[in-house]
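Data from entry_35.cif: mmCIF, C-alpha atoms and all ligand atoms
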```cif
data_structure
loop_
_atom_site.label_atom_id
_atom_site.label_comp_id
_atom_site.auth_asym_id
_atom_site.auth_seq_id
_atom_site.Cartn_x
_atom_site.Cartn_y
_atom_site.Cartn_z
CA MET A 1 74.17 21.04 59.45
CA ARG A 2 77.43 22.84 59.92
CA LEU A 3 79.49 22.88 56.68
CA LEU A 4 83.18 22.15 56.85
CA PRO A 5 85.36 24.11 54.40
CA HIS A 6 85.79 21.20 51.96
CA MET A 7 82.01 20.67 51.92
CA LYS A 8 81.39 24.31 51.08
CA PHE A 9 83.85 24.03 48.21
CA GLY A 10 82.04 20.96 46.90
CA ILE A 11 78.74 22.79 46.90
CA ARG A 12 80.23 25.80 45.18
CA ALA A 13 81.90 23.63 42.55
CA ARG A 14 78.61 21.94 41.67
CA PHE A 15 76.77 25.26 41.60
CA SER A 16 79.33 26.65 39.18
CA LEU A 17 78.01 24.21 36.57
CA ASP A 18 75.69 26.98 35.49
CA ILE A 19 73.72 27.37 32.31
CA PHE A 20 76.66 28.85 30.41
CA ALA A 21 78.94 25.97 31.27
CA LEU A 22 76.28 23.48 30.21
CA GLN A 23 75.75 25.25 26.90
CA GLU A 24 79.37 25.58 25.94
CA PRO A 25 79.68 22.40 23.87
CA ALA A 26 76.45 23.10 22.02
CA VAL A 27 77.34 26.66 21.00
CA SER A 28 79.94 26.42 18.31
CA GLN A 29 82.61 29.02 17.82
CA GLN A 30 81.02 29.97 14.52
CA SER A 31 77.78 30.88 16.31
CA ILE A 32 79.16 33.93 18.09
CA ILE A 33 80.77 36.55 15.92
CA ILE A 34 82.31 39.75 17.17
CA TYR A 35 83.41 42.47 14.78
CA THR A 36 86.30 44.43 16.27
CA THR A 37 89.18 46.79 15.63
CA ALA A 38 92.68 46.61 17.07
CA VAL A 39 92.38 49.55 19.47
CA CYS A 40 88.99 49.24 21.10
CA PRO A 41 88.39 49.06 24.85
CA TYR A 42 84.74 48.10 24.34
CA CYS A 43 85.86 45.18 22.14
CA VAL A 44 88.21 43.99 24.87
CA ALA A 45 85.43 44.27 27.44
CA ALA A 46 83.02 42.31 25.23
CA LYS A 47 85.57 39.56 24.58
CA ASN A 48 86.35 39.36 28.29
CA LEU A 49 82.67 38.97 29.11
CA LEU A 50 82.27 36.17 26.55
CA LYS A 51 85.39 34.47 27.89
CA ALA A 52 84.14 34.82 31.46
CA ARG A 53 81.00 32.95 30.39
CA GLY A 54 83.10 30.24 28.75
CA LEU A 55 81.82 31.16 25.31
CA ALA A 56 84.01 30.75 22.26
CA TYR A 57 83.68 33.32 19.52
CA THR A 58 84.99 34.19 16.11
CA GLU A 59 86.57 37.62 15.93
CA ILE A 60 86.43 39.53 12.66
CA ARG A 61 88.68 42.57 12.51
CA VAL A 62 87.18 45.36 10.42
CA ASP A 63 90.05 47.83 10.57
CA ASN A 64 91.92 47.64 7.25
CA ASP A 65 89.25 45.34 5.83
CA PRO A 66 86.56 47.36 3.99
CA ALA A 67 84.66 44.22 2.94
CA ALA A 68 84.42 43.03 6.54
CA ARG A 69 83.31 46.51 7.67
CA ASP A 70 80.65 46.56 4.92
CA ALA A 71 79.42 43.15 6.10
CA MET A 72 79.22 44.45 9.68
CA LEU A 73 77.29 47.55 8.57
CA ALA A 74 74.89 45.45 6.50
CA ARG A 75 74.23 42.94 9.28
CA SER A 76 73.84 45.56 12.00
CA ALA A 77 71.57 47.97 10.13
CA GLY A 78 74.31 50.55 9.74
CA ARG A 79 75.88 50.46 13.19
CA ARG A 80 79.39 51.90 12.81
CA THR A 81 80.85 51.41 16.27
CA VAL A 82 82.73 48.32 17.31
CA PRO A 83 82.21 45.85 18.71
CA GLN A 84 79.14 44.50 16.94
CA ILE A 85 78.20 41.11 18.28
CA PHE A 86 76.03 38.39 16.79
CA ILE A 87 74.77 35.14 18.22
CA GLY A 88 73.69 33.19 15.18
CA ALA A 89 71.37 35.55 13.31
CA GLN A 90 70.60 37.48 16.50
CA HIS A 91 72.18 40.93 16.48
CA VAL A 92 73.15 41.64 20.08
CA GLY A 93 74.69 45.07 19.46
CA GLY A 94 77.73 46.50 21.21
CA PHE A 95 79.31 45.82 24.56
CA ASP A 96 76.68 47.74 26.54
CA GLU A 97 73.92 45.65 25.00
CA LEU A 98 75.85 42.42 25.54
CA ALA A 99 76.34 43.30 29.21
CA ALA A 100 72.65 44.21 29.58
CA ALA A 101 71.58 40.94 27.93
CA ASP A 102 73.95 39.03 30.19
CA HIS A 103 72.50 40.78 33.21
CA ASP A 104 68.81 40.25 32.46
CA GLY A 105 69.02 36.69 31.12
CA ARG A 106 68.45 37.33 27.40
CA LEU A 107 71.99 36.18 26.59
CA ALA A 108 71.33 32.80 28.17
CA ALA A 109 68.01 32.55 26.30
CA TRP A 110 69.63 33.33 22.94
CA LEU A 111 72.26 30.68 23.59
CA VAL A 112 69.57 28.12 24.31
CA GLU A 113 67.78 29.06 21.07
CA GLN A 114 71.04 28.88 19.17
CA SER A 115 71.87 25.42 20.43
CA ALA A 116 68.33 24.01 19.94
N1 LIG A 201 78.17 51.88 23.49
C1 LIG A 201 79.05 51.21 22.57
C2 LIG A 201 80.32 52.04 22.45
C3 LIG A 201 81.23 51.46 21.38
C4 LIG A 201 82.32 52.44 21.01
O1 LIG A 201 82.27 53.65 21.32
N2 LIG A 201 83.33 51.87 20.34
C5 LIG A 201 84.40 52.66 19.86
C6 LIG A 201 85.68 51.85 19.85
S1 LIG A 201 86.06 51.17 21.46
C7 LIG A 201 84.11 53.10 18.44
O2 LIG A 201 83.61 52.33 17.64
N3 LIG A 201 84.46 54.36 18.14
C8 LIG A 201 84.30 54.84 16.81
C9 LIG A 201 83.08 55.67 16.63
O3 LIG A 201 82.42 56.03 17.64
O4 LIG A 201 82.72 55.96 15.47
C10 LIG A 201 79.31 49.79 23.06
O5 LIG A 201 79.02 49.49 24.21
O6 LIG A 201 79.78 48.96 22.27
#
```

Could you spell out this file's structure in structure tokens?
Amino acid sequence: MRLLPHMKFGIRARFSLDIFALQEPAVSQQSIIIYTTAVCPYCVAAKNLLKARGLAYTEIRVDNDPAARDAMLARSAGRRTVPQIFIGAQHVGGFDELAAADHDGRLAAWLVEQSA
């Protein structure tokens, strides 16, 4: 069957209801935490990736907040770079690890676990 432009759009719109969109209501903002500093390109990249997936997150700035930095170090087994990202109790790591998990499907799996 030949698809007219409006039919193609309809198909694409339905397909865009992907796993991330379906999970969004179940994954609360409190579930995803990202420790950041003000000047941090990797933090911006990580937040943009989460936003692109429709995922809300809670940002905790660690610059000028020693207690928050200590909490980040404790939760991430001493990782000092930002961002450090958590999905529930799952420590994702930094931006590179978030992007890798997004790419290979682990991010989607963690979100399913989190919302179960
Ligand atoms: N590979 C890491 C790199 C993170 C990184 O280098 N972050 C910078 C800020 S954008 C940082 O924490 N620099 C301080 C340091 O290396 O101690 C990631 O993907 O998150």

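CA of Lys47 in chain A to CA of Ala108 in chain A spans 16.2 Å [interatomic distance, one decimal].
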
To test the calculation: enclose all listed atoms of ligand LIG 201 (chain A) in a box whose edges run along x, y and z, add 5 Å on each side, then state centre and edge lengths in Å to one decimal, as AutoDock Vina command-line options.
```
--center_x 82.1 --center_y 52.5 --center_z 19.8 --size_x 17.9 --size_y 17.1 --size_z 18.7
```

Within 12 Å of Asp65 in chain A, counting all atoms listed in the file, which residues qualify if same-chain residues fewer than 4 places away don't, as an MDAnalysis selection string?
chainID A and resid 35:38 60:61 69:72

Taking only C-alpha atoms and all ligand atoms into account, list the residues no farther than 8 Å from ligand LIG 201 (chain A), as a ChimeraX atom specification.
/A:37,39-43,46,80-84,93-98

So how many Å separate CA of Tyr57 in chain A and CA of Ile33 in chain A, to one decimal?
5.6 Å

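Of the residues listed (A:Ser76, A:Ala45, A:Ala67, A:Glu59), A:Ser76 shows the shortest atom-to-atom separation from Val92 in chain A; distances use only C-alpha atoms.
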
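The gap separating CA of Gly78 in chain A from CA of Asn48 in chain A is 24.8 Å, in Å to one decimal.
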
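Counting only C-alpha atoms and comparing A:Ala68, A:Gln114, A:Ala74, A:Ala99, the residue that lies closest to Arg53 in chain A is A:Ala99.
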
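In terms of minimum interatomic distance to Ser31 in chain A, A:Thr58 ranks closest within A:Asp102, A:Ala116, A:Leu50, A:Thr58, counting only C-alpha atoms.
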
Determine, counting all atoms listed in the file, which protein, DNA and RNA residues have an atom within 9 Å of an atom of Arg75 in chain A; residues of the same chain fewer than 5 positions away are not included. Present the result as a count of residues only.
4

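Counting only C-alpha atoms and comparing A:Leu111, A:Gly88, A:Gly105, A:Leu73, the residue that lies closest to Leu55 in chain A is A:Leu111.
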